[in-house]
file work.cif (mmCIF, C-alpha atoms)
data_coords
loop_
_atom_site.label_atom_id
_atom_site.label_comp_id
_atom_site.auth_asym_id
_atom_site.auth_seq_id
_atom_site.Cartn_x
_atom_site.Cartn_y
_atom_site.Cartn_z
CA MET A 1 10.99 4.70 0.81
CA TRP A 2 8.55 6.53 -1.38
CA VAL A 3 8.83 7.61 -5.01
CA TYR A 4 6.81 10.56 -6.32
CA GLU A 5 4.80 10.24 -9.51
CA LYS A 6 4.28 13.50 -11.39
CA LYS A 7 0.57 13.08 -12.11
CA LEU A 8 -2.73 13.05 -10.23
CA GLN A 9 -4.49 9.76 -9.49
CA TYR A 10 -7.64 11.11 -11.14
CA PRO A 11 -8.22 14.39 -13.07
CA VAL A 12 -9.22 17.48 -11.09
CA ARG A 13 -11.06 20.16 -13.05
CA VAL A 14 -13.01 23.10 -11.71
CA SER A 15 -15.34 25.23 -13.82
CA LYS A 16 -15.16 28.44 -11.77
CA CYS A 17 -13.25 30.35 -9.09
CA ASP A 18 -15.02 29.43 -5.83
CA PRO A 19 -13.06 30.26 -2.64
CA HIS A 20 -16.04 29.39 -0.44
CA MET A 21 -16.03 25.81 -1.76
CA ALA A 22 -12.24 25.78 -1.25
CA LYS A 23 -12.81 26.66 2.42
CA LEU A 24 -15.25 23.75 2.79
CA LEU A 25 -12.82 21.36 1.08
CA LEU A 26 -10.24 22.09 3.79
CA GLU A 27 -12.26 19.62 5.90
CA GLN A 28 -10.83 16.81 3.75
CA TYR A 29 -7.35 18.39 3.72
CA GLY A 30 -6.58 18.99 7.40
CA GLY A 31 -9.78 17.82 9.11
CA ALA A 32 -10.28 14.94 11.56
CA ASP A 33 -11.46 12.51 8.85
CA GLY A 34 -9.46 14.10 6.05
CA GLU A 35 -6.82 12.67 3.76
CA LEU A 36 -3.80 13.79 5.81
CA ALA A 37 -5.25 12.12 8.91
CA ALA A 38 -5.98 8.97 6.90
CA ALA A 39 -2.49 8.70 5.38
CA LEU A 40 -0.72 9.31 8.68
CA ARG A 41 -3.07 7.01 10.61
CA TYR A 42 -2.54 3.96 8.37
CA LEU A 43 1.15 4.45 7.69
CA ASN A 44 1.79 4.74 11.43
CA GLN A 45 -0.38 1.79 12.50
CA ARG A 46 1.30 -0.58 10.04
CA TYR A 47 4.50 -1.04 12.08
CA THR A 48 2.73 -3.02 14.79
CA ILE A 49 -0.19 -4.57 12.86
CA PRO A 50 0.01 -8.34 12.12
CA ASP A 51 2.08 -9.18 9.02
CA LYS A 52 -0.97 -10.31 7.03
CA VAL A 53 -2.39 -6.77 6.81
CA ILE A 54 0.79 -4.63 6.61
CA GLY A 55 0.56 -4.61 2.81
CA LEU A 56 -3.00 -3.31 2.88
CA LEU A 57 -2.19 -0.47 5.33
CA THR A 58 0.88 0.47 3.28
CA ASP A 59 -1.05 0.58 0.01
CA ILE A 60 -4.14 2.38 1.29
CA GLY A 61 -1.97 4.82 3.29
CA THR A 62 -0.02 5.61 0.14
CA GLU A 63 -3.20 6.10 -1.90
CA GLU A 64 -4.39 8.61 0.73
CA PHE A 65 -1.43 10.84 -0.17
CA ALA A 66 -2.62 10.78 -3.78
CA HIS A 67 -6.05 11.87 -2.52
CA LEU A 68 -4.46 14.61 -0.41
CA GLU A 69 -2.81 15.91 -3.59
CA MET A 70 -6.19 15.89 -5.39
CA ILE A 71 -7.82 17.91 -2.57
CA ALA A 72 -4.85 20.33 -2.62
CA THR A 73 -5.29 20.72 -6.38
CA MET A 74 -9.01 21.51 -5.94
CA ILE A 75 -8.29 24.15 -3.27
CA TYR A 76 -5.44 25.64 -5.33
CA LYS A 77 -7.54 25.86 -8.50
CA LEU A 78 -10.60 27.25 -6.72
CA THR A 79 -8.60 30.08 -5.09
CA LYS A 80 -5.74 30.95 -7.46
CA ASP A 81 -7.67 33.69 -9.32
CA ALA A 82 -9.62 34.98 -6.32
CA THR A 83 -9.31 38.62 -5.25
CA VAL A 84 -8.81 39.58 -1.60
CA GLU A 85 -12.44 40.72 -1.54
CA GLN A 86 -13.61 37.31 -2.80
CA LEU A 87 -11.52 35.54 -0.14
CA GLN A 88 -13.04 37.84 2.48
CA ASP A 89 -16.61 37.16 1.27
CA ALA A 90 -15.87 33.42 1.34
CA GLY A 91 -14.84 33.58 5.01
CA LEU A 92 -11.17 33.04 4.22
CA ASP A 93 -10.05 36.41 5.63
CA ALA A 94 -8.60 34.81 8.78
CA HIS A 95 -6.78 32.29 6.57
CA TYR A 96 -5.53 35.08 4.29
CA VAL A 97 -3.95 37.19 7.04
CA SER A 98 -1.91 34.21 8.24
CA HIS A 99 -1.24 32.25 5.03
CA ASP A 100 -2.08 34.44 1.99
CA LYS A 101 -3.21 31.83 -0.59
CA ALA A 102 -0.90 29.13 0.74
CA LEU A 103 -2.54 25.85 1.70
CA PHE A 104 -2.50 24.96 5.37
CA TYR A 105 -3.50 21.82 7.23
CA SER A 106 -6.68 23.01 8.93
CA ASN A 107 -10.31 21.95 8.78
CA ALA A 108 -13.16 23.95 7.19
CA ALA A 109 -13.52 25.98 10.41
CA GLY A 110 -9.81 26.91 10.39
CA VAL A 111 -8.79 24.60 13.24
CA PRO A 112 -5.22 23.31 12.64
CA TRP A 113 -4.66 19.57 12.12
CA THR A 114 -3.67 17.66 15.25
CA ALA A 115 -2.37 14.14 15.88
CA ALA A 116 -5.17 13.85 18.46
CA TYR A 117 -7.46 13.11 15.46
CA ILE A 118 -5.81 9.72 14.91
CA GLN A 119 -5.12 6.71 17.09
CA ALA A 120 -2.72 3.77 17.20
CA LYS A 121 -3.97 1.38 19.85
CA GLY A 122 -1.64 -1.51 19.09
CA ASP A 123 -4.67 -3.80 19.21
CA PRO A 124 -5.16 -4.81 15.56
CA ILE A 125 -8.95 -5.19 15.75
CA ALA A 126 -9.32 -1.81 17.50
CA ASP A 127 -7.04 -0.15 14.94
CA LEU A 128 -8.86 -1.65 11.96
CA TYR A 129 -12.28 -0.71 13.32
CA GLU A 130 -11.02 2.85 13.68
CA ASP A 131 -9.85 2.71 10.07
CA ILE A 132 -13.26 1.44 8.87
CA ALA A 133 -14.99 4.23 10.83
CA ALA A 134 -12.59 6.81 9.36
CA GLU A 135 -13.41 5.69 5.82
CA GLU A 136 -17.16 5.80 6.46
CA LYS A 137 -16.89 9.28 7.99
CA ALA A 138 -14.83 10.47 5.03
CA ARG A 139 -17.41 8.97 2.63
CA ALA A 140 -20.18 10.92 4.41
CA THR A 141 -18.13 14.13 4.27
CA TYR A 142 -17.57 13.70 0.52
CA GLN A 143 -21.31 13.30 0.00
CA TRP A 144 -22.00 16.51 1.91
CA LEU A 145 -19.27 18.32 -0.05
CA ILE A 146 -20.86 17.13 -3.31
CA ASP A 147 -24.19 18.53 -2.03
CA MET A 148 -22.52 21.93 -1.42
CA THR A 149 -21.47 22.62 -5.03
CA ASP A 150 -23.14 22.83 -8.44
CA ASP A 151 -19.79 22.59 -10.24
CA VAL A 152 -20.13 19.33 -12.19
CA ASP A 153 -16.38 19.09 -12.87
CA LEU A 154 -15.60 19.36 -9.18
CA GLN A 155 -18.41 16.94 -8.33
CA ASP A 156 -16.86 14.37 -10.68
CA SER A 157 -13.55 14.35 -8.79
CA LEU A 158 -15.33 14.34 -5.42
CA LYS A 159 -17.44 11.36 -6.50
CA PHE A 160 -14.28 9.45 -7.39
CA LEU A 161 -12.92 10.12 -3.89
CA ARG A 162 -16.24 9.12 -2.29
CA GLU A 163 -16.11 5.77 -4.11
CA ARG A 164 -12.53 5.17 -2.96
CA GLU A 165 -13.64 5.50 0.67
CA ILE A 166 -16.17 2.71 0.06
CA VAL A 167 -13.51 0.40 -1.42
CA HIS A 168 -11.07 1.13 1.41
CA SER A 169 -13.75 0.42 4.01
CA LEU A 170 -14.52 -2.91 2.33
CA ARG A 171 -10.84 -3.91 2.23
CA PHE A 172 -10.41 -3.02 5.93
CA GLN A 173 -13.48 -5.11 6.76
CA GLU A 174 -11.88 -8.05 4.91
CA ALA A 175 -8.68 -7.46 6.91
CA VAL A 176 -10.67 -7.80 10.14
CA GLU A 177 -12.03 -11.15 8.90
CA ILE A 178 -8.51 -12.32 7.99
CA LEU A 179 -7.29 -11.56 11.52
CA LYS A 180 -10.32 -13.19 13.16
CA GLU A 181 -9.81 -16.32 11.05
CA ASP A 182 -6.13 -16.36 11.98
CA ARG A 183 -6.97 -16.02 15.67
CA ASN A 184 -9.45 -18.92 15.51
CA THR A 185 -6.96 -21.15 13.70
CA LYS A 186 -4.32 -20.53 16.35
CA LYS A 187 -6.72 -21.55 19.15
CA ILE A 188 -6.92 -25.11 17.80
CA PHE A 189 -3.23 -25.74 18.47
CA MET B 1 4.38 33.07 -27.74
CA ASN B 2 2.01 31.52 -30.26
CA GLN B 3 3.23 27.94 -29.86
CA VAL B 4 0.84 25.58 -28.10
CA HIS B 5 2.45 23.91 -25.09
CA PRO B 6 2.33 20.09 -25.50
CA PHE B 7 0.52 19.82 -22.15
CA GLN B 8 -2.30 22.01 -23.47
CA THR B 9 -3.16 19.64 -26.31
CA PRO B 10 -6.07 17.16 -26.32
CA GLU B 11 -3.51 14.41 -27.11
CA TYR B 12 -1.76 15.00 -23.78
CA HIS B 13 -4.99 14.89 -21.79
CA HIS B 14 -6.08 11.78 -23.67
CA MET B 15 -2.82 9.94 -22.96
CA LEU B 16 -2.80 11.10 -19.34
CA ARG B 17 -6.33 9.79 -18.92
CA GLN B 18 -5.33 6.42 -20.43
CA LEU B 19 -2.40 6.20 -18.02
CA GLN B 20 -4.65 7.07 -15.08
CA GLU B 21 -7.06 4.34 -16.18
CA LEU B 22 -4.31 1.70 -16.40
CA ASP B 23 -2.97 2.81 -13.01
CA PHE B 24 -6.44 2.57 -11.53
CA VAL B 25 -6.82 -1.04 -12.69
CA CYS B 26 -3.42 -1.91 -11.20
CA LEU B 27 -4.17 -0.16 -7.90
CA GLU B 28 -7.59 -1.78 -7.54
CA LEU B 29 -6.18 -5.25 -8.27
CA ASN B 30 -3.36 -4.53 -5.80
CA LEU B 31 -5.76 -3.66 -2.95
CA TYR B 32 -7.95 -6.65 -3.80
CA LEU B 33 -4.93 -8.98 -3.75
CA ASP B 34 -3.79 -7.54 -0.41
CA THR B 35 -6.80 -9.31 1.14
CA HIS B 36 -7.15 -12.15 -1.46
CA PRO B 37 -3.50 -13.23 -1.98
CA GLY B 38 -4.49 -16.68 -3.26
CA ASP B 39 -6.59 -15.54 -6.24
CA THR B 40 -4.51 -16.76 -9.19
CA GLN B 41 -6.84 -15.28 -11.82
CA ALA B 42 -6.52 -11.83 -10.23
CA ILE B 43 -2.73 -12.23 -10.03
CA ASN B 44 -2.65 -13.02 -13.75
CA GLN B 45 -4.70 -9.89 -14.42
CA PHE B 46 -2.40 -7.89 -12.15
CA ASN B 47 0.72 -9.03 -14.00
CA HIS B 48 -0.93 -8.44 -17.38
CA PHE B 49 -1.90 -4.86 -16.51
CA ALA B 50 1.46 -4.18 -14.83
CA TYR B 51 3.09 -5.03 -18.18
CA GLU B 52 0.58 -2.92 -20.18
CA ARG B 53 1.10 -0.05 -17.75
CA MET B 54 4.88 -0.25 -18.11
CA LYS B 55 4.67 -0.16 -21.91
CA PHE B 56 2.24 2.75 -21.94
CA ALA B 57 4.15 4.75 -19.29
CA ASN B 58 7.30 4.44 -21.43
CA GLN B 59 5.45 5.88 -24.45
CA PHE B 60 4.00 8.64 -22.29
CA GLN B 61 7.39 9.59 -20.85
CA GLU B 62 9.04 9.70 -24.28
CA LYS B 63 6.50 12.34 -25.25
CA TYR B 64 5.90 14.28 -22.05
CA GLY B 65 8.92 13.75 -19.81
CA PRO B 66 9.66 11.80 -16.65
CA LEU B 67 6.89 10.58 -14.35
CA LEU B 68 9.13 9.41 -11.51
CA ASN B 69 11.99 10.98 -9.55
CA TYR B 70 15.18 9.51 -8.04
CA GLY B 71 16.30 7.72 -11.20
CA HIS B 72 13.14 5.69 -11.81
CA SER B 73 12.65 7.65 -15.07
CA PHE B 74 15.20 8.80 -17.64
CA SER B 75 15.84 12.53 -18.09
CA GLY B 76 16.12 14.76 -21.14
CA VAL B 77 18.58 17.70 -21.36
CA PRO B 78 18.32 20.00 -19.44
CA PHE B 79 16.98 18.04 -16.47
CA THR B 80 13.34 17.65 -17.50
CA TRP B 81 12.05 16.55 -14.08
CA VAL B 82 12.01 20.16 -12.79
CA GLU B 83 9.97 21.46 -15.73
CA THR B 84 6.36 22.57 -15.37
CA PRO B 85 3.58 21.72 -15.31
CA TRP B 86 3.28 19.97 -11.96
CA PRO B 87 0.10 17.91 -11.47
CA TRP B 88 -1.93 20.72 -9.90
CA GLN B 89 -0.98 23.06 -12.75
CA VAL B 90 -2.38 20.78 -15.48
#

call {"tool": "encode", "arguments": {"input": "work.cif", "output": "structure tokens"}}
result
Amino acid sequence: MWVYEKKLQYPVRVSKCDPHMAKLLLEQYGGADGELAAALRYLNQRYTIPDKVIGLLTDIGTEEFAHLEMIATMIYKLTKDATVEQLQDAGLDAHYVSHDKALFYSNAAGVPWTAAYIQAKGDPIADLYEDIAAEEKARATYQWLIDMTDDVDLQDSLKFLREREIVHSLRFQEAVEILKEDRNTKKIF
Amino acid sequence: MNQVHPFQTPEYHHMLRQLQELDFVCLELNLYLDTHPGDTQAINQFNHFAYERMKFANQFQEKYGPLLNYGHSFSGVPFTWVETPWPWQV
């Protein structure tokens, strides 16, 4: 069961209409290492992960949905006042003819999201290493997105998200250690 | 319409920011405790901030309407949950 909270996890402000930046941000919306992929990856893996790390996957997976909402808010705010000409100049013409200004789960190149981006191996160490890699890739993407804009308000929200990837990676690394410790303890008996 | 919407005031943004800060502390402690479940000091902090968060969220909701759906927040009349702004409209 999930309950919706009517607020963002962290404020999202933009200082200008910038549909080109919105197009780039789609990478973190419906891209391979984006927030949708992250949320669905963790919340699906948790059913078969050892009990000791189910809580962590549940909580991080849930936080990813809050991040997805922040990315959606950025894209919405950056495009809501854009003219058709501005969307065209930003390279969003192909998006416009199919979706108008609606958000859609695709990456920055317009490729639709696919479940092939995520894995559930059933092997807890393999799954957690994938999760650590996903967080590190997302962190790198956030850095490159920050490099692509001079909008300090937008940069502030993106920096928050970049820092969250670091914390999640750290927590997943601790989860790996917990499972390794558990495995070693069991061998004694 | 010359009336300022309560969500356009600095007071709203200030209170929202305070709530987001309290929630951030709770979330961070939660994730930390997920992998350090035996840290009593962190659990005490978690319970302290959970209480502070609850108190502050109640004040916030009295002023600006429900934060949660499905009966986890009280409603005004008419049903205030469906009123704008939604988070991306703030």

call {"tool": "resolve_selection", "arguments": {"input": "work.cif", "expression": "the PyMOL selection byres ((chain B) within 10 of (chain A))", "output": "PyMOL selection string"}}
result
chain B and resi 13+16-17+19-21+23-24+27-28+30-37+65-73+81+85-90

call {"tool": "residues_around", "arguments": {"input": "work.cif", "residues": "segment 27-38 of chain A", "least_positions_apart": "3", "cutoff": "6 Å", "atoms": "all atoms listed in the file", "output": "ChimeraX atom specification"}}
result
/A:24,41,64,68,105-108,113,117,134,138

call {"tool": "atom_distance", "arguments": {"input": "work.cif", "atom1": "atom CA of Pro19 of chain A", "atom2": "atom CA of Gly61 of chain A"}}
result
28.4 Å

call {"tool": "atom_distance", "arguments": {"input": "work.cif", "atom1": "atom CA of Pro10 of chain B", "atom2": "atom CA of Thr149 of chain A"}}
result
26.8 Å

call {"tool": "closest_residue", "arguments": {"input": "work.cif", "among": "A:Ile125, A:Leu158, A:Met1, A:Leu40", "to": "Arg183 of chain A", "atoms": "all atoms listed in the file"}}
result
A:Ile125

call {"tool": "resolve_selection", "arguments": {"input": "work.cif", "expression": "the PyMOL selection byres ((chain A and resi 87) around 12)", "output": "list in words"}}
result
Cys17, Asp18, Pro19, His20, Met21, Ala22, Lys23, Leu78, Thr79, Lys80, Asp81, Ala82, Thr83, Val84, Glu85, Gln86, Gln88, Asp89, Ala90, Gly91, Leu92, Asp93, Ala94, His95, Tyr96, Val97, His99, Asp100 and Lys101 of chain A

call {"tool": "write_last_selection", "arguments": {"input": "work.cif", "atoms": "C-alpha atoms", "output": "PDB file, in the frame of the given file"}}
result
ATOM      1  CA  CYS A  17     -13.250  30.350  -9.090  1.00  0.00           C
ATOM      2  CA  ASP A  18     -15.020  29.430  -5.830  1.00  0.00           C
ATOM      3  CA  PRO A  19     -13.060  30.260  -2.640  1.00  0.00           C
ATOM      4  CA  HIS A  20     -16.040  29.390  -0.440  1.00  0.00           C
ATOM      5  CA  MET A  21     -16.030  25.810  -1.760  1.00  0.00           C
ATOM      6  CA  ALA A  22     -12.240  25.780  -1.250  1.00  0.00           C
ATOM      7  CA  LYS A  23     -12.810  26.660   2.420  1.00  0.00           C
ATOM      8  CA  LEU A  78     -10.600  27.250  -6.720  1.00  0.00           C
ATOM      9  CA  THR A  79      -8.600  30.080  -5.090  1.00  0.00           C
ATOM     10  CA  LYS A  80      -5.740  30.950  -7.460  1.00  0.00           C
ATOM     11  CA  ASP A  81      -7.670  33.690  -9.320  1.00  0.00           C
ATOM     12  CA  ALA A  82      -9.620  34.980  -6.320  1.00  0.00           C
ATOM     13  CA  THR A  83      -9.310  38.620  -5.250  1.00  0.00           C
ATOM     14  CA  VAL A  84      -8.810  39.580  -1.600  1.00  0.00           C
ATOM     15  CA  GLU A  85     -12.440  40.720  -1.540  1.00  0.00           C
ATOM     16  CA  GLN A  86     -13.610  37.310  -2.800  1.00  0.00           C
ATOM     17  CA  GLN A  88     -13.040  37.840   2.480  1.00  0.00           C
ATOM     18  CA  ASP A  89     -16.610  37.160   1.270  1.00  0.00           C
ATOM     19  CA  ALA A  90     -15.870  33.420   1.340  1.00  0.00           C
ATOM     20  CA  GLY A  91     -14.840  33.580   5.010  1.00  0.00           C
ATOM     21  CA  LEU A  92     -11.170  33.040   4.220  1.00  0.00           C
ATOM     22  CA  ASP A  93     -10.050  36.410   5.630  1.00  0.00           C
ATOM     23  CA  ALA A  94      -8.600  34.810   8.780  1.00  0.00           C
ATOM     24  CA  HIS A  95      -6.780  32.290   6.570  1.00  0.00           C
ATOM     25  CA  TYR A  96      -5.530  35.080   4.290  1.00  0.00           C
ATOM     26  CA  VAL A  97      -3.950  37.190   7.040  1.00  0.00           C
ATOM     27  CA  HIS A  99      -1.240  32.250   5.030  1.00  0.00           C
ATOM     28  CA  ASP A 100      -2.080  34.440   1.990  1.00  0.00           C
ATOM     29  CA  LYS A 101      -3.210  31.830  -0.590  1.00  0.00           C
TER      30      LYS A 101
END

call {"tool": "atom_distance", "arguments": {"input": "work.cif", "atom1": "atom CA of Leu29 of chain B", "atom2": "atom CA of Phe49 of chain B"}}
result
9.3 Å

call {"tool": "axis_aligned_box", "arguments": {"input": "work.cif", "around": "segment 90-93 of chain A", "padding_each_side": "3 Å", "output": "lines of an AutoDock Vina configuration file"}}
result
center_x = -13.0
center_y = 34.7
center_z = 3.5
size_x = 11.8
size_y = 9.4
size_z = 10.3

call {"tool": "residues_around", "arguments": {"input": "work.cif", "residues": "Glu11 of chain B", "least_positions_apart": "6", "cutoff": "12 Å", "atoms": "all atoms listed in the file", "output": "NGL selection string"}}
result
:B and (5 or 17-18 or 60 or 63-64)

call {"tool": "build_atoms", "arguments": {"input": "work.cif", "residues": "segment 146-180 of chain A", "atoms": "N, CA and C atoms", "output": "PDB file, in the frame of the given file"}}
result
ATOM      1  N   ILE A 146     -20.223  17.198  -1.990  1.00  0.00           N
ATOM      2  CA  ILE A 146     -20.860  17.130  -3.310  1.00  0.00           C
ATOM      3  C   ILE A 146     -22.166  17.925  -3.289  1.00  0.00           C
ATOM      4  N   ASP A 147     -22.918  17.808  -2.171  1.00  0.00           N
ATOM      5  CA  ASP A 147     -24.190  18.530  -2.030  1.00  0.00           C
ATOM      6  C   ASP A 147     -23.996  20.050  -1.991  1.00  0.00           C
ATOM      7  N   MET A 148     -22.781  20.492  -1.619  1.00  0.00           N
ATOM      8  CA  MET A 148     -22.520  21.930  -1.420  1.00  0.00           C
ATOM      9  C   MET A 148     -22.095  22.658  -2.688  1.00  0.00           C
ATOM     10  N   THR A 149     -21.914  21.955  -3.805  1.00  0.00           N
ATOM     11  CA  THR A 149     -21.470  22.620  -5.030  1.00  0.00           C
ATOM     12  C   THR A 149     -22.330  22.227  -6.229  1.00  0.00           C
ATOM     13  N   ASP A 150     -22.453  23.152  -7.188  1.00  0.00           N
ATOM     14  CA  ASP A 150     -23.140  22.830  -8.440  1.00  0.00           C
ATOM     15  C   ASP A 150     -22.132  22.702  -9.589  1.00  0.00           C
ATOM     16  N   ASP A 151     -20.865  22.713  -9.251  1.00  0.00           N
ATOM     17  CA  ASP A 151     -19.790  22.590 -10.240  1.00  0.00           C
ATOM     18  C   ASP A 151     -19.641  21.107 -10.616  1.00  0.00           C
ATOM     19  N   VAL A 152     -20.112  20.759 -11.808  1.00  0.00           N
ATOM     20  CA  VAL A 152     -20.130  19.330 -12.190  1.00  0.00           C
ATOM     21  C   VAL A 152     -18.725  18.742 -12.345  1.00  0.00           C
ATOM     22  N   ASP A 153     -17.763  19.579 -12.754  1.00  0.00           N
ATOM     23  CA  ASP A 153     -16.380  19.090 -12.870  1.00  0.00           C
ATOM     24  C   ASP A 153     -15.834  18.721 -11.503  1.00  0.00           C
ATOM     25  N   LEU A 154     -16.055  19.606 -10.550  1.00  0.00           N
ATOM     26  CA  LEU A 154     -15.600  19.360  -9.180  1.00  0.00           C
ATOM     27  C   LEU A 154     -16.324  18.151  -8.583  1.00  0.00           C
ATOM     28  N   GLN A 155     -17.616  18.074  -8.829  1.00  0.00           N
ATOM     29  CA  GLN A 155     -18.410  16.940  -8.330  1.00  0.00           C
ATOM     30  C   GLN A 155     -17.857  15.612  -8.841  1.00  0.00           C
ATOM     31  N   ASP A 156     -17.396  15.601 -10.091  1.00  0.00           N
ATOM     32  CA  ASP A 156     -16.860  14.370 -10.680  1.00  0.00           C
ATOM     33  C   ASP A 156     -15.659  13.867  -9.889  1.00  0.00           C
ATOM     34  N   SER A 157     -14.735  14.758  -9.572  1.00  0.00           N
ATOM     35  CA  SER A 157     -13.550  14.350  -8.790  1.00  0.00           C
ATOM     36  C   SER A 157     -13.933  13.944  -7.376  1.00  0.00           C
ATOM     37  N   LEU A 158     -14.894  14.667  -6.782  1.00  0.00           N
ATOM     38  CA  LEU A 158     -15.330  14.340  -5.420  1.00  0.00           C
ATOM     39  C   LEU A 158     -16.033  12.986  -5.377  1.00  0.00           C
ATOM     40  N   LYS A 159     -16.773  12.665  -6.440  1.00  0.00           N
ATOM     41  CA  LYS A 159     -17.440  11.360  -6.500  1.00  0.00           C
ATOM     42  C   LYS A 159     -16.432  10.222  -6.591  1.00  0.00           C
ATOM     43  N   PHE A 160     -15.350  10.460  -7.330  1.00  0.00           N
ATOM     44  CA  PHE A 160     -14.280   9.450  -7.390  1.00  0.00           C
ATOM     45  C   PHE A 160     -13.749   9.187  -5.981  1.00  0.00           C
ATOM     46  N   LEU A 161     -13.477  10.269  -5.247  1.00  0.00           N
ATOM     47  CA  LEU A 161     -12.920  10.120  -3.890  1.00  0.00           C
ATOM     48  C   LEU A 161     -13.921   9.436  -2.957  1.00  0.00           C
ATOM     49  N   ARG A 162     -15.205   9.775  -3.101  1.00  0.00           N
ATOM     50  CA  ARG A 162     -16.240   9.120  -2.290  1.00  0.00           C
ATOM     51  C   ARG A 162     -16.243   7.614  -2.529  1.00  0.00           C
ATOM     52  N   GLU A 163     -16.114   7.206  -3.783  1.00  0.00           N
ATOM     53  CA  GLU A 163     -16.110   5.770  -4.110  1.00  0.00           C
ATOM     54  C   GLU A 163     -14.876   5.072  -3.536  1.00  0.00           C
ATOM     55  N   ARG A 164     -13.751   5.776  -3.507  1.00  0.00           N
ATOM     56  CA  ARG A 164     -12.530   5.170  -2.960  1.00  0.00           C
ATOM     57  C   ARG A 164     -12.689   4.854  -1.472  1.00  0.00           C
ATOM     58  N   GLU A 165     -13.410   5.734  -0.759  1.00  0.00           N
ATOM     59  CA  GLU A 165     -13.640   5.500   0.670  1.00  0.00           C
ATOM     60  C   GLU A 165     -14.405   4.187   0.864  1.00  0.00           C
ATOM     61  N   ILE A 166     -15.367   3.928  -0.024  1.00  0.00           N
ATOM     62  CA  ILE A 166     -16.170   2.710   0.060  1.00  0.00           C
ATOM     63  C   ILE A 166     -15.280   1.474  -0.140  1.00  0.00           C
ATOM     64  N   VAL A 167     -14.405   1.536  -1.143  1.00  0.00           N
ATOM     65  CA  VAL A 167     -13.510   0.400  -1.420  1.00  0.00           C
ATOM     66  C   VAL A 167     -12.547   0.178  -0.249  1.00  0.00           C
ATOM     67  N   HIS A 168     -11.987   1.267   0.275  1.00  0.00           N
ATOM     68  CA  HIS A 168     -11.070   1.130   1.410  1.00  0.00           C
ATOM     69  C   HIS A 168     -11.774   0.508   2.618  1.00  0.00           C
ATOM     70  N   SER A 169     -12.987   0.958   2.896  1.00  0.00           N
ATOM     71  CA  SER A 169     -13.750   0.420   4.010  1.00  0.00           C
ATOM     72  C   SER A 169     -13.947  -1.087   3.841  1.00  0.00           C
ATOM     73  N   LEU A 170     -14.307  -1.493   2.640  1.00  0.00           N
ATOM     74  CA  LEU A 170     -14.520  -2.910   2.330  1.00  0.00           C
ATOM     75  C   LEU A 170     -13.249  -3.720   2.561  1.00  0.00           C
ATOM     76  N   ARG A 171     -12.124  -3.195   2.071  1.00  0.00           N
ATOM     77  CA  ARG A 171     -10.840  -3.910   2.230  1.00  0.00           C
ATOM     78  C   ARG A 171     -10.467  -4.027   3.711  1.00  0.00           C
ATOM     79  N   PHE A 172     -10.711  -2.962   4.493  1.00  0.00           N
ATOM     80  CA  PHE A 172     -10.410  -3.020   5.930  1.00  0.00           C
ATOM     81  C   PHE A 172     -11.316  -4.047   6.620  1.00  0.00           C
ATOM     82  N   GLN A 173     -12.571  -4.126   6.181  1.00  0.00           N
ATOM     83  CA  GLN A 173     -13.480  -5.110   6.760  1.00  0.00           C
ATOM     84  C   GLN A 173     -12.989  -6.534   6.467  1.00  0.00           C
ATOM     85  N   GLU A 174     -12.451  -6.739   5.249  1.00  0.00           N
ATOM     86  CA  GLU A 174     -11.880  -8.050   4.910  1.00  0.00           C
ATOM     87  C   GLU A 174     -10.647  -8.343   5.779  1.00  0.00           C
ATOM     88  N   ALA A 175      -9.873  -7.295   6.060  1.00  0.00           N
ATOM     89  CA  ALA A 175      -8.680  -7.460   6.910  1.00  0.00           C
ATOM     90  C   ALA A 175      -9.082  -7.922   8.314  1.00  0.00           C
ATOM     91  N   VAL A 176     -10.166  -7.372   8.839  1.00  0.00           N
ATOM     92  CA  VAL A 176     -10.670  -7.800  10.140  1.00  0.00           C
ATOM     93  C   VAL A 176     -10.996  -9.293  10.106  1.00  0.00           C
ATOM     94  N   GLU A 177     -11.667  -9.736   9.040  1.00  0.00           N
ATOM     95  CA  GLU A 177     -12.030 -11.150   8.900  1.00  0.00           C
ATOM     96  C   GLU A 177     -10.789 -12.042   8.822  1.00  0.00           C
ATOM     97  N   ILE A 178      -9.765 -11.565   8.108  1.00  0.00           N
ATOM     98  CA  ILE A 178      -8.510 -12.320   7.990  1.00  0.00           C
ATOM     99  C   ILE A 178      -7.891 -12.524   9.376  1.00  0.00           C
ATOM    100  N   LEU A 179      -7.892 -11.463  10.182  1.00  0.00           N
ATOM    101  CA  LEU A 179      -7.290 -11.560  11.520  1.00  0.00           C
ATOM    102  C   LEU A 179      -8.116 -12.441  12.453  1.00  0.00           C
ATOM    103  N   LYS A 180      -9.438 -12.353  12.332  1.00  0.00           N
ATOM    104  CA  LYS A 180     -10.320 -13.190  13.160  1.00  0.00           C
ATOM    105  C   LYS A 180     -10.115 -14.666  12.821  1.00  0.00           C
TER     106      LYS A 180
END
